[in-house]
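Chemist: Next up is a structure, given as structure tokens.
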Amino acid sequence: MTKVTAQLSISVDGFYAGPQHIDDGDWIDSAESAKFFRVTRWATDALSWRERQGFTGGEQDANSDVVAESFGSAGAYVMGRRMADGGEVPWGDEPPFRAPVFVVTHRPREPLLRGGGTSFTYVTDGVASAVEQARAVAGGKDVAVAGGGSLVRQVLKAGLLDELELHVVPVVLGTGLRLFDADLDLGGKEGIELTPTRVIPTPQVTHIRYAVNGRAPLVLDDRGSGGGATTTR
């Protein structure tokens with residue numbers, strides 16, 4: 001059964017990159033990239049990630065297994081326009097996805113066909129449409145929301161996400177682009193409930209997979225009185 005999944009590497013304090021780079025300088029030299037590369041180092045050091053990019057070297061370990069699993073389970077991808085534009089040149093003629101990619105954007109563009117089975121279709125009528133188009137061609141595999149973090153929040157906010165995997169890196173970044181933010185529009189007595197389904201600890205990162213149960217009212221516990229939970233109104 002096709003699931004809609006997302007995964008993101010974050011710091012212990014919840015950042016997936018540094019402050020957004022908005023000037024004309026080189027992104028590689030920015031604070032955004034420095035903090036992004038720190039939280040994704042576990043992946044770029046993995047043998048399976050490097051093989052997928054056409055690089056040599058890398059470690060064959062539990063982290064590499066997690067990367068290989070994520071590539072193998074994805075039948076289609078949904079991606080934000082900023083990520084797609086930023087990766088177009090570095091990914092080259094054979095991007096690592098090897099599956100259809102649906103790019104959520106406000107700017108129309110003709111489909112972009114690449115080698116290795118990757119194609120980019122630009123979707124201008126919203127994230128729900130992009131997810132549905134990806135689901136239709138995923139062949140029973142997962143629809144992977146590739147990011148960035150703003151797009152992951154949109155999918156989560158819309159109630160479209162079935163599974164979330166966080167790769168929590170043991171570093172505190174202090175500032176930057178935060179995965180979970182106020183634009184989820186949760187009420188004062190509302191949360192999005194998650195159920196942990198898998199935890200893989202390694203020295204470089206802890207992989208935590210959650211089933212997404214959806215929005216739910218927050219309930220006041222009995223504070224030890226033995227009376228059970230009380231629904232707040």
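We name chains A, B, ... following the order of the structure tokens; residues begin at 1 in each chain, and ligands are numbered from 1 as shown.
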Quick one: residues within 7 Å of Thr121 in chain A, only C-alpha atoms, excluding same-chain residues fewer than 2 positions away - as a PyMOL selection string?

Modeler: chain A and resi 101-103+111-112+119+123

Chemist: Give me the residues within 9 Å of Gly115 in chain A as a list of chain:residue names, counting only C-alpha atoms and dropping any in the same chain fewer than 5 places off.

Modeler: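 Those residues are A:Asp93, A:Glu94, A:Pro95, A:Arg98.
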
Chemist: How many Å lie between CA of Ala182 in chain A and CA of Ser33 in chain A, rounded to one decimal?

Modeler: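 Straight-line distance from CA of Ala182 in chain A to CA of Ser33 in chain A works out to 23.2 Å.
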
Chemist: Pick out the closest residue to Pro203 in chain A from this set: A:Glu69, A:Gly176, A:Asp24, A:Asp61. Count only C-alpha atoms.

Modeler: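 For Pro203 in chain A, the nearest of the given residues is A:Asp61.
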
Chemist: Ranking A:Gly148, A:Pro96, A:Gly87, A:Gly75 by minimum distance to Arg135 in chain A and counting only C-alpha atoms, which one comes first?

Modeler: A:Gly75

Chemist: I want to know what sits within 12 Å of Leu8 in chain A, based on only C-alpha atoms, with residues of the same chain fewer than 6 positions away left out; could you give that as a PyMOL selection string?

Modeler: chain A and resi 14-17+36+39-40+42-43+67+70+144-153+163-169+178-180+205-209

Chemist: As a PyMOL selection string, please: every residue in range 130-195 of chain A that a backbone DSSP assignment puts in helix (DSSP H, G or I).

Modeler: chain A and resi 130-137+149-157+182-184

Chemist: Go ahead and write the selection's residues with all heavy atoms as a CSV table (one decimal), in the first residue's frame.

Modeler:
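Below you can see selection-v7.csv, which holds the result:
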```
chain,number,residue,atom,x,y,z
A,130,ALA,N,0.0,17.6,-6.1
A,130,ALA,CA,1.3,17.0,-6.3
A,130,ALA,C,1.4,15.6,-5.7
A,130,ALA,O,1.9,14.6,-6.3
A,130,ALA,CB,2.4,17.9,-5.8
A,131,VAL,N,0.9,15.5,-4.5
A,131,VAL,CA,0.9,14.2,-3.8
A,131,VAL,C,0.0,13.2,-4.6
A,131,VAL,O,0.4,12.0,-4.7
A,131,VAL,CB,0.4,14.3,-2.3
A,131,VAL,CG1,0.1,13.0,-1.7
A,131,VAL,CG2,1.4,15.1,-1.5
A,132,GLU,N,-1.2,13.6,-5.0
A,132,GLU,CA,-2.0,12.7,-5.8
A,132,GLU,C,-1.4,12.2,-7.1
A,132,GLU,O,-1.5,11.1,-7.5
A,132,GLU,CB,-3.4,13.3,-6.0
A,132,GLU,CG,-4.3,13.3,-4.8
A,132,GLU,CD,-4.5,11.8,-4.3
A,132,GLU,OE1,-4.9,10.9,-5.1
A,132,GLU,OE2,-4.2,11.6,-3.1
A,133,GLN,N,-0.8,13.2,-7.8
A,133,GLN,CA,-0.1,12.8,-9.0
A,133,GLN,C,1.1,11.8,-8.8
A,133,GLN,O,1.3,10.9,-9.5
A,133,GLN,CB,0.4,14.0,-9.8
A,133,GLN,CG,-0.7,14.9,-10.3
A,133,GLN,CD,-0.2,16.1,-11.0
A,133,GLN,OE1,0.6,16.0,-12.0
A,133,GLN,NE2,-0.6,17.3,-10.6
A,134,ALA,N,1.8,12.1,-7.7
A,134,ALA,CA,2.9,11.1,-7.3
A,134,ALA,C,2.4,9.8,-7.0
A,134,ALA,O,2.9,8.7,-7.4
A,134,ALA,CB,3.7,11.7,-6.2
A,135,ARG,N,1.3,9.8,-6.2
A,135,ARG,CA,0.7,8.5,-5.8
A,135,ARG,C,0.2,7.7,-7.0
A,135,ARG,O,0.4,6.4,-7.0
A,135,ARG,CB,-0.5,8.7,-4.9
A,135,ARG,CG,-1.1,7.5,-4.2
A,135,ARG,CD,-2.4,7.8,-3.5
A,135,ARG,NE,-2.3,8.8,-2.5
A,135,ARG,CZ,-1.9,8.5,-1.2
A,135,ARG,NH1,-1.7,7.2,-0.9
A,135,ARG,NH2,-1.9,9.4,-0.3
A,136,ALA,N,-0.3,8.3,-8.0
A,136,ALA,CA,-0.8,7.6,-9.2
A,136,ALA,C,0.3,6.9,-10.0
A,136,ALA,O,0.0,6.0,-10.7
A,136,ALA,CB,-1.5,8.6,-10.1
A,137,VAL,N,1.6,7.3,-9.9
A,137,VAL,CA,2.7,6.7,-10.6
A,137,VAL,C,3.7,6.0,-9.8
A,137,VAL,O,4.7,5.5,-10.3
A,137,VAL,CB,3.4,7.8,-11.5
A,137,VAL,CG1,2.4,8.4,-12.5
A,137,VAL,CG2,4.1,8.8,-10.7
A,149,GLY,N,12.0,21.7,4.4
A,149,GLY,CA,11.2,21.6,5.6
A,149,GLY,C,9.9,22.3,5.4
A,149,GLY,O,8.9,21.9,6.0
A,150,SER,N,9.9,23.4,4.7
A,150,SER,CA,8.6,24.1,4.5
A,150,SER,C,7.6,23.2,3.8
A,150,SER,O,6.4,23.2,4.2
A,150,SER,CB,8.8,25.4,3.7
A,150,SER,OG,7.6,26.0,3.4
A,151,LEU,N,8.0,22.5,2.8
A,151,LEU,CA,7.1,21.6,2.1
A,151,LEU,C,6.6,20.4,3.0
A,151,LEU,O,5.5,20.1,3.0
A,151,LEU,CB,7.7,21.0,0.9
A,151,LEU,CG,6.9,20.1,0.1
A,151,LEU,CD1,5.7,20.8,-0.5
A,151,LEU,CD2,7.7,19.4,-1.1
A,152,VAL,N,7.5,19.9,3.8
A,152,VAL,CA,7.2,18.9,4.8
A,152,VAL,C,6.1,19.4,5.7
A,152,VAL,O,5.1,18.7,6.0
A,152,VAL,CB,8.4,18.4,5.6
A,152,VAL,CG1,7.9,17.4,6.7
A,152,VAL,CG2,9.4,17.7,4.7
A,153,ARG,N,6.2,20.6,6.2
A,153,ARG,CA,5.2,21.2,7.1
A,153,ARG,C,3.8,21.3,6.3
A,153,ARG,O,2.8,21.1,6.9
A,153,ARG,CB,5.6,22.5,7.6
A,153,ARG,CG,6.7,22.5,8.6
A,153,ARG,CD,6.8,23.8,9.4
A,153,ARG,NE,7.1,24.9,8.6
A,153,ARG,CZ,8.3,25.3,8.2
A,153,ARG,NH1,9.4,24.6,8.6
A,153,ARG,NH2,8.5,26.4,7.5
A,154,GLN,N,3.9,21.7,5.1
A,154,GLN,CA,2.6,21.9,4.3
A,154,GLN,C,1.9,20.5,4.2
A,154,GLN,O,0.7,20.5,4.3
A,154,GLN,CB,3.0,22.4,2.9
A,154,GLN,CG,3.4,23.8,2.8
A,154,GLN,CD,3.7,24.2,1.4
A,154,GLN,OE1,2.9,24.1,0.5
A,154,GLN,NE2,4.9,24.8,1.1
A,155,VAL,N,2.7,19.5,3.9
A,155,VAL,CA,2.1,18.1,3.8
A,155,VAL,C,1.5,17.7,5.1
A,155,VAL,O,0.4,17.1,5.2
A,155,VAL,CB,3.1,17.1,3.2
A,155,VAL,CG1,2.5,15.7,3.1
A,155,VAL,CG2,3.6,17.6,1.8
A,156,LEU,N,2.3,17.9,6.2
A,156,LEU,CA,1.8,17.6,7.5
A,156,LEU,C,0.6,18.3,7.9
A,156,LEU,O,-0.4,17.8,8.4
A,156,LEU,CB,2.9,17.8,8.5
A,156,LEU,CG,2.7,17.4,10.0
A,156,LEU,CD1,2.4,15.9,10.1
A,156,LEU,CD2,3.9,17.8,10.8
A,157,LYS,N,0.6,19.6,7.6
A,157,LYS,CA,-0.6,20.5,8.0
A,157,LYS,C,-1.8,20.1,7.2
A,157,LYS,O,-2.9,20.1,7.8
A,157,LYS,CB,-0.2,21.9,7.6
A,157,LYS,CG,-1.3,23.0,7.8
A,157,LYS,CD,-0.8,24.3,7.4
A,157,LYS,CE,-2.0,25.4,7.5
A,157,LYS,NZ,-1.5,26.7,7.1
A,182,ALA,N,5.3,27.7,13.7
A,182,ALA,CA,3.9,28.1,14.0
A,182,ALA,C,3.0,28.0,12.7
A,182,ALA,O,1.8,28.1,12.9
A,182,ALA,CB,3.9,29.6,14.5
A,183,ASP,N,3.5,27.9,11.5
A,183,ASP,CA,2.7,27.8,10.4
A,183,ASP,C,2.0,26.5,10.2
A,183,ASP,O,1.2,26.3,9.3
A,183,ASP,CB,3.4,28.2,9.1
A,183,ASP,CG,4.6,27.2,8.8
A,183,ASP,OD1,4.8,26.3,9.6
A,183,ASP,OD2,5.3,27.5,7.8
A,184,LEU,N,2.1,25.6,11.2
A,184,LEU,CA,1.2,24.4,11.2
A,184,LEU,C,-0.2,24.8,11.7
A,184,LEU,O,-1.1,24.0,11.5
A,184,LEU,CB,1.8,23.4,12.2
A,184,LEU,CG,3.1,22.6,11.7
A,184,LEU,CD1,3.7,21.8,12.8
A,184,LEU,CD2,2.7,21.7,10.5
```

Chemist: Between CA of Ser73 in chain A and CA of Val104 in chain A, what is the spacing in Å?

Modeler: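 A separation of 21.3 Å between them.
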
Chemist: Which residue gives the smallest distance to Phe37 in chain A among A:Thr2, A:Ser129, A:Ser9, A:Thr124, with only C-alpha atoms counted?

Modeler: A:Ser9

Chemist: Between CA of Asp23 in chain A and CA of Leu173 in chain A, what distance in Å does the model show, to one decimal?

Modeler: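 These two atoms are separated by 21.2 Å.
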
Chemist: Just the residues within 6 Å of Ala99 in chain A, please, counting only C-alpha atoms, with nothing from its chain fewer than 6 positions along; format it as a PyMOL selection string.

Modeler: chain A and resi 76+117-118

Chemist: Those same residues, written as a PDB file, in the first residue's frame with N, CA, C and O atoms?

Modeler:
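File out10.pdb, as written:
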```
ATOM      1  N   ALA A  76       7.932   7.502  -6.093  1.00  0.00           N
ATOM      2  CA  ALA A  76       7.790   8.845  -6.647  1.00  0.00           C
ATOM      3  C   ALA A  76       8.112   9.832  -5.532  1.00  0.00           C
ATOM      4  O   ALA A  76       8.059   9.491  -4.342  1.00  0.00           O
ATOM      5  N   GLY A 117      15.691   7.415 -15.293  1.00  0.00           N
ATOM      6  CA  GLY A 117      14.304   7.290 -14.866  1.00  0.00           C
ATOM      7  C   GLY A 117      13.755   8.486 -14.103  1.00  0.00           C
ATOM      8  O   GLY A 117      12.600   8.459 -13.660  1.00  0.00           O
ATOM      9  N   THR A 118      14.556   9.531 -13.922  1.00  0.00           N
ATOM     10  CA  THR A 118      14.095  10.720 -13.200  1.00  0.00           C
ATOM     11  C   THR A 118      13.423  11.701 -14.148  1.00  0.00           C
ATOM     12  O   THR A 118      13.942  11.995 -15.228  1.00  0.00           O
TER      13      THR A 118
END
```

Chemist: Which of these, A:Glu32, A:Glu88, A:Glu110, A:Asp125, has the shortest distance to Gly18 in chain A once you count only C-alpha atoms?

Modeler: A:Glu32

Chemist: Within 9 Å of Leu194 in chain A, counting only C-alpha atoms, which residues show up once you throw out same-chain ones fewer than 6 positions away? Write them as a PyMOL selection string, please.

Modeler: chain A and resi 163-164+210-214

Chemist: For the residues in that selection, give me N, CA, C and O atoms as a compact mmCIF listing (two decimals), in the first residue's frame.

Modeler:
```
# COMPACT_ATOMS: atom_id res chain seq x y z
N GLU A 163 3.82 8.94 7.40
CA GLU A 163 5.00 8.51 8.15
C GLU A 163 6.06 9.60 8.10
O GLU A 163 6.31 10.21 7.05
N LEU A 164 6.68 9.86 9.26
CA LEU A 164 7.72 10.87 9.37
C LEU A 164 8.94 10.23 10.02
O LEU A 164 8.82 9.60 11.08
N TYR A 210 8.20 7.66 12.87
CA TYR A 210 6.90 7.84 13.50
C TYR A 210 5.78 7.55 12.49
O TYR A 210 5.87 7.95 11.31
N ALA A 211 4.73 6.90 12.95
CA ALA A 211 3.45 6.92 12.22
C ALA A 211 2.74 8.20 12.62
O ALA A 211 2.73 8.59 13.79
N VAL A 212 2.17 8.88 11.64
CA VAL A 212 1.47 10.14 11.89
C VAL A 212 0.00 9.84 12.11
O VAL A 212 -0.68 9.35 11.21
N ASN A 213 -0.47 10.13 13.31
CA ASN A 213 -1.87 9.83 13.66
C ASN A 213 -2.81 10.98 13.36
O ASN A 213 -4.03 10.79 13.35
N GLY A 214 -2.29 12.17 13.17
CA GLY A 214 -3.12 13.32 12.81
C GLY A 214 -3.42 14.23 13.99
O GLY A 214 -3.01 14.01 15.12
```

Chemist: I'd like to know which residues of range 15-199 of chain A are strand (DSSP E) (by DSSP, run on the backbone); could you write them as an MDAnalysis selection string?

Modeler: chainID A and resid 15:17 74:80 100:104 112:113 119:123 142:147 163:169 177:178 190:199

Chemist: Pick the closest to Val199 in chain A from A:Ile10, A:Gly25, A:Tyr122, A:Ala62: which is it, counting only C-alpha atoms?

Modeler: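 Of the candidates, the smallest distance to Val199 in chain A is held by A:Ala62.
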
Chemist: Write out as a ChimeraX atom specification the residues lying within 6 Å of Ser48 in chain A, counting only C-alpha atoms and excluding same-chain residues fewer than 3 positions away.

Modeler: /A:51,64,68

Chemist: Mind writing the picked residues with C-alpha atoms as an mmCIF file, in the first residue's frame?

Modeler:
```
data_model
loop_
_atom_site.group_PDB
_atom_site.id
_atom_site.type_symbol
_atom_site.label_atom_id
_atom_site.label_comp_id
_atom_site.auth_asym_id
_atom_site.auth_seq_id
_atom_site.Cartn_x
_atom_site.Cartn_y
_atom_site.Cartn_z
ATOM 1 C CA GLU A 51 27.119 5.176 -4.679
ATOM 2 C CA SER A 64 24.095 3.428 4.952
ATOM 3 C CA ALA A 68 19.530 2.494 0.909
#
```
